[in-house]
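For reference, protein.pdb (PDB, C-alpha atoms, pLDDT in the B column):
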```
MODEL        1
ATOM      1  CA  MET A1302      -4.192  -1.025   9.661  1.00 88.00           C
ATOM      2  CA  ARG A1303      -1.159  -0.376  11.838  1.00 93.00           C
ATOM      3  CA  MET A1304       1.805   1.697  10.708  1.00 94.00           C
ATOM      4  CA  SER A1305       3.875  -1.475  10.515  1.00 94.00           C
ATOM      5  CA  ASP A1306       1.356  -2.841   7.992  1.00 93.00           C
ATOM      6  CA  PHE A1307       1.489   0.424   6.027  1.00 95.00           C
ATOM      7  CA  TRP A1308       5.275   0.213   5.771  1.00 95.00           C
ATOM      8  CA  ARG A1309       5.212  -3.489   4.881  1.00 94.00           C
ATOM      9  CA  LEU A1310       2.791  -2.791   2.032  1.00 94.00           C
ATOM     10  CA  MET A1311       4.836   0.213   0.898  1.00 95.00           C
ATOM     11  CA  ASP A1312       8.082  -1.783   0.941  1.00 95.00           C
ATOM     12  CA  ASP A1313       6.518  -4.761  -0.849  1.00 92.00           C
ATOM     13  CA  GLU A1314       5.099  -2.617  -3.626  1.00 93.00           C
ATOM     14  CA  PHE A1315       7.742   0.067  -4.123  1.00 94.00           C
ATOM     15  CA  GLY A1316      10.923  -1.150  -2.442  1.00 95.00           C
ATOM     16  CA  ALA A1317      12.181   0.281   0.840  1.00 94.00           C
ATOM     17  CA  ALA A1318      14.031   3.353  -0.453  1.00 94.00           C
ATOM     18  CA  TYR A1319      11.386   4.456  -2.948  1.00 96.00           C
ATOM     19  CA  ALA A1320       8.611   3.746  -0.423  1.00 97.00           C
ATOM     20  CA  ARG A1321      10.172   6.194   2.043  1.00 97.00           C
ATOM     21  CA  SER A1322      10.546   8.812  -0.669  1.00 97.00           C
ATOM     22  CA  LEU A1323       6.940   8.428  -1.848  1.00 95.00           C
ATOM     23  CA  ALA A1324       5.547   8.586   1.666  1.00 97.00           C
ATOM     24  CA  ARG A1325       7.599  11.668   2.481  1.00 97.00           C
ATOM     25  CA  ASP A1326       7.437  13.598  -0.816  1.00 98.00           C
ATOM     26  CA  HIS A1327       4.468  12.521  -2.966  1.00 97.00           C
ATOM     27  CA  VAL A1328       1.578  14.978  -2.524  1.00 98.00           C
ATOM     28  CA  LEU A1329      -1.890  13.505  -3.039  1.00 97.00           C
ATOM     29  CA  GLY A1330      -5.013  15.527  -3.781  1.00 97.00           C
ATOM     30  CA  ALA A1331      -7.125  12.775  -2.249  1.00 96.00           C
ATOM     31  CA  LEU A1332      -5.350  13.431   1.052  1.00 97.00           C
ATOM     32  CA  GLY A1333      -5.957  17.170   1.027  1.00 97.00           C
ATOM     33  CA  ASN A1334      -2.790  17.984  -0.930  1.00 98.00           C
ATOM     34  CA  ARG A1335      -0.638  16.314   1.702  1.00 98.00           C
ATOM     35  CA  THR A1336       1.904  13.548   1.547  1.00 98.00           C
ATOM     36  CA  PRO A1337       0.928  10.194   3.037  1.00 98.00           C
ATOM     37  CA  ILE A1338       3.123  10.893   6.078  1.00 98.00           C
ATOM     38  CA  GLU A1339       1.635  14.360   6.608  1.00 98.00           C
ATOM     39  CA  ALA A1340      -1.867  12.951   6.279  1.00 98.00           C
ATOM     40  CA  ILE A1341      -1.224  10.134   8.753  1.00 98.00           C
ATOM     41  CA  GLU A1342       0.390  12.526  11.220  1.00 98.00           C
ATOM     42  CA  SER A1343      -2.724  14.720  11.035  1.00 98.00           C
ATOM     43  CA  GLY A1344      -5.069  11.820  11.784  1.00 97.00           C
ATOM     44  CA  VAL A1345      -5.777  10.089   8.477  1.00 97.00           C
ATOM     45  CA  LYS A1346      -5.795   6.322   8.916  1.00 97.00           C
ATOM     46  CA  PRO A1347      -2.781   4.549   7.386  1.00 96.00           C
ATOM     47  CA  ARG A1348      -5.132   2.372   5.293  1.00 95.00           C
ATOM     48  CA  GLU A1349      -6.733   5.459   3.745  1.00 96.00           C
ATOM     49  CA  ALA A1350      -3.304   6.909   2.936  1.00 97.00           C
ATOM     50  CA  TRP A1351      -2.180   3.571   1.448  1.00 96.00           C
ATOM     51  CA  LEU A1352      -5.258   3.257  -0.752  1.00 95.00           C
ATOM     52  CA  ALA A1353      -5.013   6.883  -1.921  1.00 97.00           C
ATOM     53  CA  LEU A1354      -1.401   6.272  -2.913  1.00 97.00           C
ATOM     54  CA  CYS A1355      -2.381   3.033  -4.692  1.00 96.00           C
ATOM     55  CA  VAL A1356      -4.969   4.884  -6.772  1.00 96.00           C
ATOM     56  CA  ASP A1357      -2.569   7.705  -7.612  1.00 97.00           C
ATOM     57  CA  MET A1358       0.269   5.326  -8.517  1.00 96.00           C
ATOM     58  CA  ASP A1359      -2.009   2.966 -10.497  1.00 96.00           C
ATOM     59  CA  VAL A1360      -1.257  -0.036  -8.294  1.00 94.00           C
ATOM     60  CA  PRO A1361      -3.448  -2.876  -9.621  1.00 91.00           C
ATOM     61  CA  LEU A1362      -6.239  -4.007  -7.306  1.00 88.00           C
ATOM     62  CA  GLU A1363      -4.723  -7.454  -6.871  1.00 84.00           C
ATOM     63  CA  ARG A1364      -1.507  -5.914  -5.480  1.00 86.00           C
ATOM     64  CA  ARG A1365      -3.134  -3.581  -2.953  1.00 85.00           C
ATOM     65  CA  LEU A1366      -3.354  -6.280  -0.282  1.00 82.00           C
ATOM     66  CA  GLY A1367       0.374  -6.880  -0.083  1.00 69.00           C
ATOM     67  CA  LYS A1368       2.806  -9.577  -1.126  1.00 64.00           C
ATOM     68  CA  GLU A1369       2.005 -12.029   1.684  1.00 59.00           C
ATOM     69  CA  LEU A1370      -1.707 -12.083   0.893  1.00 52.00           C
ATOM     70  CA  ARG A1371      -1.011 -12.241  -2.861  1.00 52.00           C
ATOM     71  CA  ASP A1372       1.268 -15.229  -2.340  1.00 53.00           C
ATOM     72  CA  HIS A1373      -1.320 -16.949  -0.134  1.00 45.00           C
ATOM     73  CA  THR A1374      -4.096 -16.297  -2.662  1.00 51.00           C
ATOM     74  CA  LYS A1375      -1.941 -17.691  -5.485  1.00 56.00           C
ATOM     75  CA  GLU A1376      -1.142 -20.799  -3.421  1.00 55.00           C
ATOM     76  CA  MET A1377      -4.843 -21.365  -2.740  1.00 51.00           C
ATOM     77  CA  ARG A1378      -5.692 -21.028  -6.452  1.00 60.00           C
ATOM     78  CA  ASP A1379      -2.923 -23.476  -7.351  1.00 56.00           C
ATOM     79  CA  LEU A1380      -4.192 -25.980  -4.783  1.00 63.00           C
ATOM     80  CA  ARG A1381      -7.743 -25.744  -6.170  1.00 68.00           C
ATOM     81  CA  LYS A1382      -6.486 -26.350  -9.705  1.00 73.00           C
ATOM     82  CA  ARG A1383      -4.620 -29.486  -8.610  1.00 73.00           C
ATOM     83  CA  GLY A1384      -7.813 -30.747  -7.097  1.00 62.00           C
TER      84      GLY A1384
ENDMDL
END
```
Represent the structure of the file as structure tokens.
Amino acid sequence: MRMSDFWRLMDDEFGAAYARSLARDHVLGALGNRTPIEAIESGVKPREAWLALCVDMDVPLERRLGKELRDHTKEMRDLRKRG
């Protein structure tokens, strides 16, 4: 995952302003008591930081892939239902 993907997922899930605040200020035990930004800057992969934040913030599994993939998955389900 690239940093641009990390920020897209963060913005989709939390909104741009809150996403920046969470990434900068929210300390996660799963990331060695670091914020997502601190962890990424010290070499943790953005995907690992994203998933750790998802677990801590109780983001449902179906929303962890981002809005674009959720929308695509929903469209595919709708198409299958229509036959």
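The shortest atom-to-atom distance to Asp1359 of chain A, with all atoms listed in the file taken into account, belongs to A:Glu1314 out of A:Leu1332, A:Asp1326, A:Trp1308, A:Glu1314.
Here the question is which of A:Ala1353, A:Leu1366, A:Arg1348, A:Arg1309 gets nearest to Thr1336 of chain A using only C-alpha atoms, and that residue is A:Ala1353.
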Exercise for the section: Expand the PyMOL selection byres ((chain A and resi 1328) around 12) into the individual residues it matches in the shown file, reporting them as a list in words. Expected result: Ser1322, Leu1323, Ala1324, Arg1325, Asp1326, His1327, Leu1329, Gly1330, Ala1331, Leu1332, Gly1333, Asn1334, Arg1335, Thr1336, Pro1337, Ile1338, Glu1339, Ala1340, Ala1350, Ala1353, Leu1354, Asp1357 and Met1358 of chain A
Grab the residues selected above and save them as an mmCIF file, in the frame of the given file with C-alpha atoms.
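Saved the output as again10.cif:
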```cif
data_model
loop_
_atom_site.group_PDB
_atom_site.id
_atom_site.type_symbol
_atom_site.label_atom_id
_atom_site.label_comp_id
_atom_site.auth_asym_id
_atom_site.auth_seq_id
_atom_site.Cartn_x
_atom_site.Cartn_y
_atom_site.Cartn_z
ATOM 1 C CA SER A 1322 10.546 8.812 -0.669
ATOM 2 C CA LEU A 1323 6.940 8.428 -1.848
ATOM 3 C CA ALA A 1324 5.547 8.586 1.666
ATOM 4 C CA ARG A 1325 7.599 11.668 2.481
ATOM 5 C CA ASP A 1326 7.437 13.598 -0.816
ATOM 6 C CA HIS A 1327 4.468 12.521 -2.966
ATOM 7 C CA LEU A 1329 -1.890 13.505 -3.039
ATOM 8 C CA GLY A 1330 -5.013 15.527 -3.781
ATOM 9 C CA ALA A 1331 -7.125 12.775 -2.249
ATOM 10 C CA LEU A 1332 -5.350 13.431 1.052
ATOM 11 C CA GLY A 1333 -5.957 17.170 1.027
ATOM 12 C CA ASN A 1334 -2.790 17.984 -0.930
ATOM 13 C CA ARG A 1335 -0.638 16.314 1.702
ATOM 14 C CA THR A 1336 1.904 13.548 1.547
ATOM 15 C CA PRO A 1337 0.928 10.194 3.037
ATOM 16 C CA ILE A 1338 3.123 10.893 6.078
ATOM 17 C CA GLU A 1339 1.635 14.360 6.608
ATOM 18 C CA ALA A 1340 -1.867 12.951 6.279
ATOM 19 C CA ALA A 1350 -3.304 6.909 2.936
ATOM 20 C CA ALA A 1353 -5.013 6.883 -1.921
ATOM 21 C CA LEU A 1354 -1.401 6.272 -2.913
ATOM 22 C CA ASP A 1357 -2.569 7.705 -7.612
ATOM 23 C CA MET A 1358 0.269 5.326 -8.517
#
```
Practice task
Would you translate the PyMOL selection byres ((chain A and resi 1310) around 9) into the concrete set of residues it matches in this file, as a list in words?
Solution key: Ser1305, Asp1306, Phe1307, Trp1308, Arg1309, Met1311, Asp1312, Asp1313, Glu1314, Phe1315, Trp1351, Arg1365, Leu1366, Gly1367 and Lys1368 of chain A
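Distance-wise, atom CA of Val1356 of chain A and atom CA of Gly1316 of chain A end up 17.5 Å apart.
Reported to one decimal place, the separation of atom CA of Lys1346 of chain A from atom CA of Met1304 of chain A is 9.1 Å.
Atom CA of Glu1363 of chain A is positioned 22.1 Å from atom CA of Arg1383 of chain A.
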